[in-house]
Amino acid sequence: MITIRLPDGSERSFPAPLTVGDIAASIGAGLARAALAGKINGVLVDTSTTVTENAEVAIVTERDPEGVDILRHSSAHLLAHAVKELFPDAQVTIGPVIEDGFYYDFAYKRAFTPDDLTVIEKRMTEIAKRDLPVKREVMARDAAVEYFKGIGEAYKAEIIASIPSEQDISLYRQDNFVDLCRGPHVPSTAKLKVFKLMRVAGAYWRGNSNNEMLTRVYGTAWAKKEDQEAYLTRLEEAEKRDHRRLAKQLDLFHLQDEAPGMIFWHPKGWALWQVIEQYMRQVYRQSGYQEVRCPQILDRALWEKSGHWANFSKNMFTTESESRDFAIKPMNCPGHVQIFNQGIRSYRELPVRYGEFGSCHRNEPSGALHGVMRVRAFTQDDGHVFCTEDQIQSEVADFITLLREVYADFGFTDILYKFATRPEQRVGSDDIWDKSEGALRLALEKSGVPFEVLPGEGAFYGPKIEFHLRDSIGRTWQCGTIQADFSMPGRLEAGYVAEDNSRQVPVMLHRAILGSLERFIGILIEHYAGALPLWLSPVQVVVMNISDAQAKTVVSVTKTLKDQGFRVQSDLRNEKITYKIREHSLQKLPYQLIIGDKEAVTATVAVRSRSGEDLGQMSPEAFIARLNAECNARSGITE
């Protein structure tokens with residue numbers, strides 16, 4: 001007799017071993033039809049897996065996150081199957097699940113084209129409709145190598161040959177197509193109904209540029225057609241909001257080959273930058289941070305001492321002078337420790353908080369660069385807190401409160417919290433990591449916010465909390481972070497005199513709210529689709545005349561607004577007012593002021609909002625009051 005415990009706590013007994021699919025059928029015919037896979041004692045398995053002893057069993061359907069991943073992984077196999085039918089000489093390599101979809105890499109005599117994708121997708125649909133059973137097979141490692149060599153799949157054979165010889169190999173077969181995979185997979189190709197091939201790209205075999213170039217086919221797959229349509233709509237909206245296109249349209253910045261991954265800020269883009277930097281500078285002051293500035297280039301010896309050289313040197317730009325090796329700083333923390341180390345510190349001074357708008361450089365691969373979202377030269381709103389262990393919890397809690405207030409001002413209210421623990425490559429003992437992870441976890445729990453644990457994704461010197469923003473079209477962006485570092489202060493000989501006159505090493509909290517200012521500006525541009533709220537807009541108001549007769553009034557109103565601290569332009573061009581309105585509307589300016597003969601006589605301005613609404617005539621004083629109220633409100637997405 002076998003006893004099966006279900007997720008709702010109920011139990012069922014069966015006289016003999018049976019499959020996960022059989023268990024689903026015993027519960028109901030509808031569940032049996034919906035079953036994509038199962039979980040036995042928390043482990044994902046195929047529906048064909050036999051349960052031989054008492055266990056906890058759950059049925060995985062399309063409603064479960066794991067179910068959607070299984071649909072996507074099985075769709076990757078479906079893609080490979082279709083390619084092999086259409087292009088028998090193509091060799092299959094790997095096909096993993098990725099966010100919102102999957103990809104598969106192929107070796108073929110030519111790259112696939114968009115026209116090929118149409119044909120391949122059609123064949124995928126045909127194969128899915130054949131309702132082919134998807135069966136798991138197990139083969140000895142060496143036998144699997146010979147099998148794939150025998151059918152001309154050299155890449156699969158190479159992958160399998162790298163697996164320990166004593167390990168059996170899991171294969172999945174659907175008709176005459178066989179692929180290496182751990183699984184699980186859908187029980188039949190008929191389960192794959194909603195998928196679409198998106199694009200092709202080049203990819204090196206095993207990610208090594210010394211290897212041959214493969215063709216990577218990207219696709220997406222979903223449980224329901226409406227889910228896929230919503231995803232494609234989000235992609236379309238994201239393309240409209242692309243910060244690179246909007247930056248060109250709004251004349252904010254540009255990039256060029258002579259400075260890869262580095263930005264040329266135009267006047268309007270730099271105005272936006274300055275608004276954000278000055279806002280954050282005020283946040284520093286109000287939160288007890290002292291602003292500092294450290295050198296851009298430091299001797300290699302310091303980077304070795306801090307641990308960066310061993311863990312980060314491949315991403316550092318280096319130079320040499322007078323037989324000394326230097327590195328351009330990729331981060332600010334070692335410099336802040338040097339400032340803390342000047343003089344004798346007392347426990348009474350802690351916490352000491354330093355902040356810097358630190359310009360950093362990292363030698364990112366050229367293929368990874370992406371507008372202002374991934375660059376080689378960037379500036380962080382960087383800060384470091386030197387404190388005692390007892391102060392960690394309150395410092396982290398205060399930081400979380402501050403961060404939420406700042407994000408709200410920028411229009412972000414949906415924040416995800418993630419706790420990243422020790423990576424494989426790290427500095428410091430396990431005892432130190434136990435202590436630092438425990439301190440951060442406790443601070444999170446005391447703050448009362450829900451959080452997700454990311455095993456192995458901490459910095460090399462300490463665990464971290466990541467803060468992810470959700471934007472106006474549902475995408476998430478990791479911006480803020482706070483990291484507990486028990487290692488680097490000791491490595492760099494930081495210390496303070498404790499209450500008992502002993503010398504102690506402070507804990508160092510690395511923290512940033514916006515992260516890279518460049519990247520945060522890119523996120524803002526896409527979040528607001530270029531229509532930045534009034535307080536952030538590089539140009540807040542444009543003042544226009546209808547004819548030359550109002551030119552002096554336009555100049556006067558412009559000066560009045562500028563004297564009040566607003567970013568204003570005047571447009572005195574000899575163009576029709578409809579042309580001017582249309583042109584400035586494309587620039588997404590919050591307000592347009594129009595002055596004709598009537599307005600000039602009555603000392604008023606005709607106000608037009610970014611949405612095109614005619615707000616009527618106002619005195620300059622009334623309009624200034626409106627601007628001040630809106631700027632003070634700060635946040636809020638405007639059309």
# chains A, B, ... in the order shown; residues from 1 in each chain; ligands from 1
call {"tool": "residues_around", "arguments": {"residues": "stretch 80-90 of chain A", "least_positions_apart": "2", "cutoff": "6 Å", "atoms": "only C-alpha atoms", "output": "PyMOL selection string"}}
result
chain A and resi 77-78+107-108+123-124+177
call {"tool": "write_last_selection", "arguments": {"atoms": "N, CA and C atoms", "output": "PDB file, in the first residue's frame"}}
result
ATOM      1  N   HIS A  77      12.522  22.193 -27.408  1.00  0.00           N
ATOM      2  CA  HIS A  77      12.708  20.900 -28.070  1.00  0.00           C
ATOM      3  C   HIS A  77      11.875  20.820 -29.346  1.00  0.00           C
ATOM      4  N   LEU A  78      10.672  21.382 -29.287  1.00  0.00           N
ATOM      5  CA  LEU A  78       9.816  21.396 -30.471  1.00  0.00           C
ATOM      6  C   LEU A  78      10.483  22.183 -31.604  1.00  0.00           C
ATOM      7  N   ALA A 107      24.016  24.795 -35.298  1.00  0.00           N
ATOM      8  CA  ALA A 107      25.155  24.902 -36.212  1.00  0.00           C
ATOM      9  C   ALA A 107      24.660  24.504 -37.596  1.00  0.00           C
ATOM     10  N   TYR A 108      24.796  25.435 -38.546  1.00  0.00           N
ATOM     11  CA  TYR A 108      24.318  25.167 -39.911  1.00  0.00           C
ATOM     12  C   TYR A 108      25.223  25.917 -40.874  1.00  0.00           C
ATOM     13  N   ARG A 123       6.130  24.557 -39.075  1.00  0.00           N
ATOM     14  CA  ARG A 123       6.403  23.139 -38.870  1.00  0.00           C
ATOM     15  C   ARG A 123       6.248  22.775 -37.385  1.00  0.00           C
ATOM     16  N   MET A 124       6.623  23.675 -36.489  1.00  0.00           N
ATOM     17  CA  MET A 124       6.422  23.423 -35.056  1.00  0.00           C
ATOM     18  C   MET A 124       4.944  23.178 -34.757  1.00  0.00           C
ATOM     19  N   PHE A 177      12.921  12.344 -33.073  1.00  0.00           N
ATOM     20  CA  PHE A 177      13.818  13.371 -32.546  1.00  0.00           C
ATOM     21  C   PHE A 177      14.181  13.038 -31.109  1.00  0.00           C
TER      22      PHE A 177
END
call {"tool": "select_by_dssp", "arguments": {"residues": "stretch 74-319 of chain A", "states": "strand (DSSP E)", "output": "JSON, numbers by chain"}}
result
{"A": [91, 92, 97, 98, 101, 102, 103, 104, 105, 106, 107, 135, 136, 137, 138, 139, 169, 170, 171, 172, 173, 174, 177, 178, 179, 180, 195, 196, 197, 198, 199, 200, 201, 202, 203, 204, 213, 214, 215, 216, 217, 218, 219, 220, 221, 253, 254, 264, 265, 290, 291, 297, 298, 299, 318, 319]}
call {"tool": "residues_around", "arguments": {"residues": "A:Gly202", "least_positions_apart": "6", "cutoff": "8 Å", "atoms": "only C-alpha atoms", "output": "VMD selection string"}}
result
chain A and resid 213 to 216
call {"tool": "residues_around", "arguments": {"residues": "A:Tyr417", "least_positions_apart": "6", "cutoff": "6 Å", "atoms": "only C-alpha atoms", "output": "list in words"}}
result
Phe451, Glu466 and Phe467 of chain A
call {"tool": "write_last_selection", "arguments": {"atoms": "C-alpha atoms", "output": "PDB file, in the first residue's frame"}}
result
ATOM      1  CA  PHE A 451      11.761  39.288   0.232  1.00  0.00           C
ATOM      2  CA  GLU A 466      18.672  44.286  -3.914  1.00  0.00           C
ATOM      3  CA  PHE A 467      15.804  46.661  -4.579  1.00  0.00           C
TER       4      PHE A 467
END
call {"tool": "atom_distance", "arguments": {"atom1": "atom CA of A:Gly42", "atom2": "atom CA of A:Thr61"}}
result
14.8 Å
call {"tool": "select_by_dssp", "arguments": {"residues": "stretch 198-327 of chain A", "states": "helix (DSSP H, G or I)", "output": "number ranges by chain"}}
result
A: 205-207, 225-240, 243-250, 267-286, 300-306, 308-315
call {"tool": "write_last_selection", "arguments": {"atoms": "C-alpha atoms", "output": "PDB file, in the first residue's frame"}}
result
ATOM      1  CA  TRP A 205      29.654  27.844 -29.088  1.00  0.00           C
ATOM      2  CA  ARG A 206      29.873  27.655 -25.300  1.00  0.00           C
ATOM      3  CA  GLY A 207      30.074  31.462 -25.162  1.00  0.00           C
ATOM      4  CA  LYS A 225      -3.016  32.937 -26.128  1.00  0.00           C
ATOM      5  CA  GLU A 226      -4.096  36.080 -24.295  1.00  0.00           C
ATOM      6  CA  ASP A 227      -0.937  35.888 -22.132  1.00  0.00           C
ATOM      7  CA  GLN A 228       1.226  35.801 -25.244  1.00  0.00           C
ATOM      8  CA  GLU A 229      -0.698  38.661 -26.843  1.00  0.00           C
ATOM      9  CA  ALA A 230      -0.226  40.746 -23.680  1.00  0.00           C
ATOM     10  CA  TYR A 231       3.505  39.959 -23.761  1.00  0.00           C
ATOM     11  CA  LEU A 232       3.822  40.966 -27.415  1.00  0.00           C
ATOM     12  CA  THR A 233       1.942  44.185 -26.634  1.00  0.00           C
ATOM     13  CA  ARG A 234       4.420  44.885 -23.812  1.00  0.00           C
ATOM     14  CA  LEU A 235       7.298  44.337 -26.222  1.00  0.00           C
ATOM     15  CA  GLU A 236       5.741  46.746 -28.701  1.00  0.00           C
ATOM     16  CA  GLU A 237       5.263  49.321 -25.954  1.00  0.00           C
ATOM     17  CA  ALA A 238       8.834  48.797 -24.753  1.00  0.00           C
ATOM     18  CA  GLU A 239      10.114  49.425 -28.268  1.00  0.00           C
ATOM     19  CA  LYS A 240       8.220  52.720 -28.391  1.00  0.00           C
ATOM     20  CA  HIS A 243      15.552  55.248 -24.281  1.00  0.00           C
ATOM     21  CA  ARG A 244      18.006  55.368 -27.207  1.00  0.00           C
ATOM     22  CA  ARG A 245      15.308  56.390 -29.671  1.00  0.00           C
ATOM     23  CA  LEU A 246      13.722  58.868 -27.265  1.00  0.00           C
ATOM     24  CA  ALA A 247      17.098  60.359 -26.317  1.00  0.00           C
ATOM     25  CA  LYS A 248      17.714  61.179 -29.973  1.00  0.00           C
ATOM     26  CA  GLN A 249      14.201  62.571 -30.408  1.00  0.00           C
ATOM     27  CA  LEU A 250      14.484  64.698 -27.261  1.00  0.00           C
ATOM     28  CA  PRO A 267      22.586  70.318 -22.728  1.00  0.00           C
ATOM     29  CA  LYS A 268      19.076  69.020 -22.088  1.00  0.00           C
ATOM     30  CA  GLY A 269      20.325  65.605 -20.978  1.00  0.00           C
ATOM     31  CA  TRP A 270      22.830  67.193 -18.625  1.00  0.00           C
ATOM     32  CA  ALA A 271      20.088  69.419 -17.207  1.00  0.00           C
ATOM     33  CA  LEU A 272      18.144  66.260 -16.331  1.00  0.00           C
ATOM     34  CA  TRP A 273      21.285  64.757 -14.804  1.00  0.00           C
ATOM     35  CA  GLN A 274      21.844  67.842 -12.646  1.00  0.00           C
ATOM     36  CA  VAL A 275      18.267  67.856 -11.353  1.00  0.00           C
ATOM     37  CA  ILE A 276      18.690  64.246 -10.206  1.00  0.00           C
ATOM     38  CA  GLU A 277      22.167  64.773  -8.745  1.00  0.00           C
ATOM     39  CA  GLN A 278      21.138  67.876  -6.817  1.00  0.00           C
ATOM     40  CA  TYR A 279      18.040  66.111  -5.520  1.00  0.00           C
ATOM     41  CA  MET A 280      20.186  63.197  -4.298  1.00  0.00           C
ATOM     42  CA  ARG A 281      22.699  65.631  -2.787  1.00  0.00           C
ATOM     43  CA  GLN A 282      19.847  67.043  -0.700  1.00  0.00           C
ATOM     44  CA  VAL A 283      18.886  63.486   0.312  1.00  0.00           C
ATOM     45  CA  TYR A 284      22.487  62.951   1.455  1.00  0.00           C
ATOM     46  CA  ARG A 285      22.438  66.038   3.647  1.00  0.00           C
ATOM     47  CA  GLN A 286      19.084  65.254   5.208  1.00  0.00           C
ATOM     48  CA  ARG A 300      47.354  48.218  -7.889  1.00  0.00           C
ATOM     49  CA  ALA A 301      48.620  47.393  -4.400  1.00  0.00           C
ATOM     50  CA  LEU A 302      45.489  48.895  -2.842  1.00  0.00           C
ATOM     51  CA  TRP A 303      43.224  46.919  -5.179  1.00  0.00           C
ATOM     52  CA  GLU A 304      45.110  43.747  -4.260  1.00  0.00           C
ATOM     53  CA  LYS A 305      44.722  44.499  -0.584  1.00  0.00           C
ATOM     54  CA  SER A 306      40.991  45.158  -0.913  1.00  0.00           C
ATOM     55  CA  HIS A 308      39.289  43.570  -6.031  1.00  0.00           C
ATOM     56  CA  TRP A 309      42.365  42.617  -8.044  1.00  0.00           C
ATOM     57  CA  ALA A 310      41.841  38.901  -7.452  1.00  0.00           C
ATOM     58  CA  ASN A 311      38.085  39.023  -8.013  1.00  0.00           C
ATOM     59  CA  PHE A 312      37.481  41.862 -10.460  1.00  0.00           C
ATOM     60  CA  SER A 313      40.698  42.666 -12.368  1.00  0.00           C
ATOM     61  CA  LYS A 314      39.408  41.401 -15.712  1.00  0.00           C
ATOM     62  CA  ASN A 315      36.806  44.184 -15.601  1.00  0.00           C
TER      63      ASN A 315
END
call {"tool": "atom_distance", "arguments": {"atom1": "atom CA of A:Asp105", "atom2": "atom CA of A:Val375"}}
result
27.0 Å
call {"tool": "residues_around", "arguments": {"residues": "A:Glu575", "least_positions_apart": "3", "cutoff": "12 Å", "atoms": "only C-alpha atoms", "output": "list in words"}}
result
Met544, Asn545, Ile546, Ser547, Asp548, Asp571, Leu572, Thr578, Tyr579, Lys580, Ile581, Arg582 and Glu583 of chain A
call {"tool": "closest_residue", "arguments": {"among": "A:Leu197, A:Ala484, A:Val68, A:Ile432", "to": "A:Tyr104", "atoms": "only C-alpha atoms"}}
result
A:Leu197
call {"tool": "residues_around", "arguments": {"residues": "A:Val51", "least_positions_apart": "5", "cutoff": "6 Å", "atoms": "only C-alpha atoms", "output": "list of chain:residue names"}}
result
A:Pro17, A:Leu18, A:Thr19
call {"tool": "atom_distance", "arguments": {"atom1": "atom CA of A:Gln587", "atom2": "atom CA of A:Gln550"}}
result
23.3 Å
call {"tool": "closest_residue", "arguments": {"among": "A:Lys191, A:Arg519, A:His185, A:His73", "to": "A:Lys129", "atoms": "only C-alpha atoms"}}
result
A:Lys191
